[in-house]
file coords-v1.cif (mmCIF, C-alpha atoms)
data_protein
loop_
_atom_site.label_atom_id
_atom_site.label_comp_id
_atom_site.auth_asym_id
_atom_site.auth_seq_id
_atom_site.Cartn_x
_atom_site.Cartn_y
_atom_site.Cartn_z
CA MET A 3 -48.53 78.30 119.35
CA PHE A 4 -48.18 81.88 118.08
CA LEU A 5 -51.63 83.28 118.76
CA ARG A 6 -54.65 81.94 120.49
CA ASN A 7 -56.85 80.54 117.72
CA GLY A 8 -54.48 82.12 115.22
CA LEU A 9 -51.58 81.06 113.06
CA GLU A 10 -49.66 77.95 113.94
CA PRO A 11 -46.40 76.77 112.35
CA TRP A 12 -48.15 74.37 109.99
CA HIS A 13 -50.29 77.25 108.67
CA LEU A 14 -47.11 79.05 107.62
CA LEU A 15 -45.84 75.86 105.98
CA ILE A 16 -49.03 75.58 103.92
CA VAL A 17 -48.73 79.23 102.85
CA ALA A 18 -45.12 78.65 101.79
CA VAL A 19 -46.08 75.58 99.74
CA VAL A 20 -48.92 77.46 98.03
CA LEU A 21 -46.58 80.36 97.17
CA ILE A 22 -44.03 77.97 95.68
CA LEU A 23 -46.72 76.27 93.63
CA LEU A 24 -48.17 79.56 92.38
CA PHE A 25 -44.99 81.46 91.55
CA GLY A 26 -42.47 78.71 91.04
CA SER A 27 -39.19 78.24 92.80
CA LYS A 28 -37.26 80.45 90.34
CA LYS A 29 -39.33 83.62 90.81
CA LEU A 30 -39.53 83.54 94.61
CA PRO A 31 -35.88 84.52 95.28
CA ASP A 32 -36.13 87.40 92.80
CA THR A 33 -39.37 88.58 94.39
CA ALA A 34 -37.91 88.36 97.90
CA ARG A 35 -34.80 90.26 96.77
CA ALA A 36 -36.90 93.02 95.21
CA LEU A 37 -39.05 93.26 98.35
CA GLY A 38 -35.96 93.48 100.55
CA LYS A 39 -34.46 96.20 98.36
CA SER A 40 -37.71 98.19 98.51
CA LEU A 41 -37.83 97.91 102.30
CA ARG A 42 -34.19 99.06 102.57
CA ILE A 43 -34.96 102.11 100.43
CA LEU A 44 -38.03 102.91 102.52
CA LYS A 45 -36.03 102.56 105.74
CA SER A 46 -33.22 104.82 104.50
CA GLU A 47 -35.69 107.49 103.29
CA THR A 48 -37.50 107.42 106.63
CA LYS A 49 -34.20 107.76 108.48
CA ALA A 50 -33.16 110.67 106.25
CA MET A 51 -36.46 112.46 106.93
CA ARG A 52 -36.02 112.04 110.67
CA GLU A 53 -32.48 113.42 110.51
CA ASP A 54 -33.66 116.44 108.51
CA GLY A 55 -36.26 117.17 111.16
CA THR A 56 -39.09 117.17 108.68
CA GLU A 57 -42.21 115.22 109.29
CA PRO A 58 -43.68 113.00 106.60
CA ALA A 59 -46.44 114.61 104.59
CA PRO A 60 -49.86 113.92 106.07
CA ALA A 61 -52.06 111.58 104.15
CA ALA A 62 -54.63 113.16 101.90
CA PRO A 63 -57.85 113.85 103.77
CA ALA A 64 -60.62 111.40 103.13
CA PRO A 65 -63.18 112.70 100.64
CA GLN A 66 -66.39 113.83 102.22
CA VAL A 67 -69.39 111.79 101.29
CA VAL A 68 -72.45 113.87 100.54
CA THR A 69 -75.71 112.03 100.81
CA PRO A 70 -78.72 113.56 99.10
CA ALA A 71 -81.70 114.47 101.21
CA PRO A 72 -84.52 111.97 100.94
CA ALA A 73 -87.20 112.94 98.46
CA THR A 74 -90.52 114.03 99.89
CA VAL A 75 -93.33 111.73 98.90
CA HIS A 76 -96.80 113.23 98.59
CA THR A 77 -99.86 111.05 98.72
CA THR A 78 -103.28 112.04 97.48
CA ALA A 79 -104.38 112.59 101.07
CA ASP A 80 -101.56 115.12 101.58
CA ARG A 81 -102.44 117.29 98.60
CA THR A 82 -104.08 120.64 99.10
CA GLN A 83 -106.11 122.61 96.60
CA ALA A 84 -102.98 124.49 95.51
CA ASP A 85 -101.17 121.22 94.78
CA ALA A 86 -104.06 119.58 92.95
CA PRO A 87 -104.02 119.80 89.14
CA ALA A 88 -106.47 122.20 87.57
CA ARG A 89 -109.66 120.57 86.40
CA PRO A 90 -111.11 121.52 83.03
CA ALA A 91 -114.39 123.45 83.07
CA PRO A 92 -117.49 121.37 82.12
#

call {"tool": "encode", "arguments": {"input": "coords-v1.cif", "output": "structure tokens"}}
result
Amino acid sequence: MFLRNGLEPWHLLIVAVVLILLFGSKKLPDTARALGKSLRILKSETKAMREDGTEPAPAAPAPQVVTPAPATVHTTADRTQADAPARPAP
């Protein structure tokens, strides 16, 4: 058992079977090879950055979310004489 209430070996087997059915047995080796090559490139770039003494660029700051102020709702009981519409003269 790997994790308590988590993945067990037969779960991984089911995932492997589903992947083979979805992508086919010919595309899986090519995909795994491409993924391995990408990870090797990432690892070598990370190692080169550490040797240079430079830190990786910080991630872009999260955009600030601006929420509009709630609109003020006036009821007829809240209105004053200044707010009331002008009445026509009789």

call {"tool": "atom_distance", "arguments": {"input": "coords-v1.cif", "atom1": "atom CA of A:Arg42", "atom2": "atom CA of A:Leu23"}}
result
27.5 Å

call {"tool": "atom_distance", "arguments": {"input": "coords-v1.cif", "atom1": "atom CA of A:Leu30", "atom2": "atom CA of A:Ala18"}}
result
10.3 Å

call {"tool": "atom_distance", "arguments": {"input": "coords-v1.cif", "atom1": "atom CA of A:Ser40", "atom2": "atom CA of A:Leu9"}}
result
26.4 Å

call {"tool": "axis_aligned_box", "arguments": {"input": "coords-v1.cif", "around": "stretch 46-53 of chain A", "padding_each_side": "5 Å", "output": "lines of an AutoDock Vina configuration file"}}
result
center_x = -35.0
center_y = 109.1
center_z = 107.0
size_x = 15.0
size_y = 18.6
size_z = 17.4
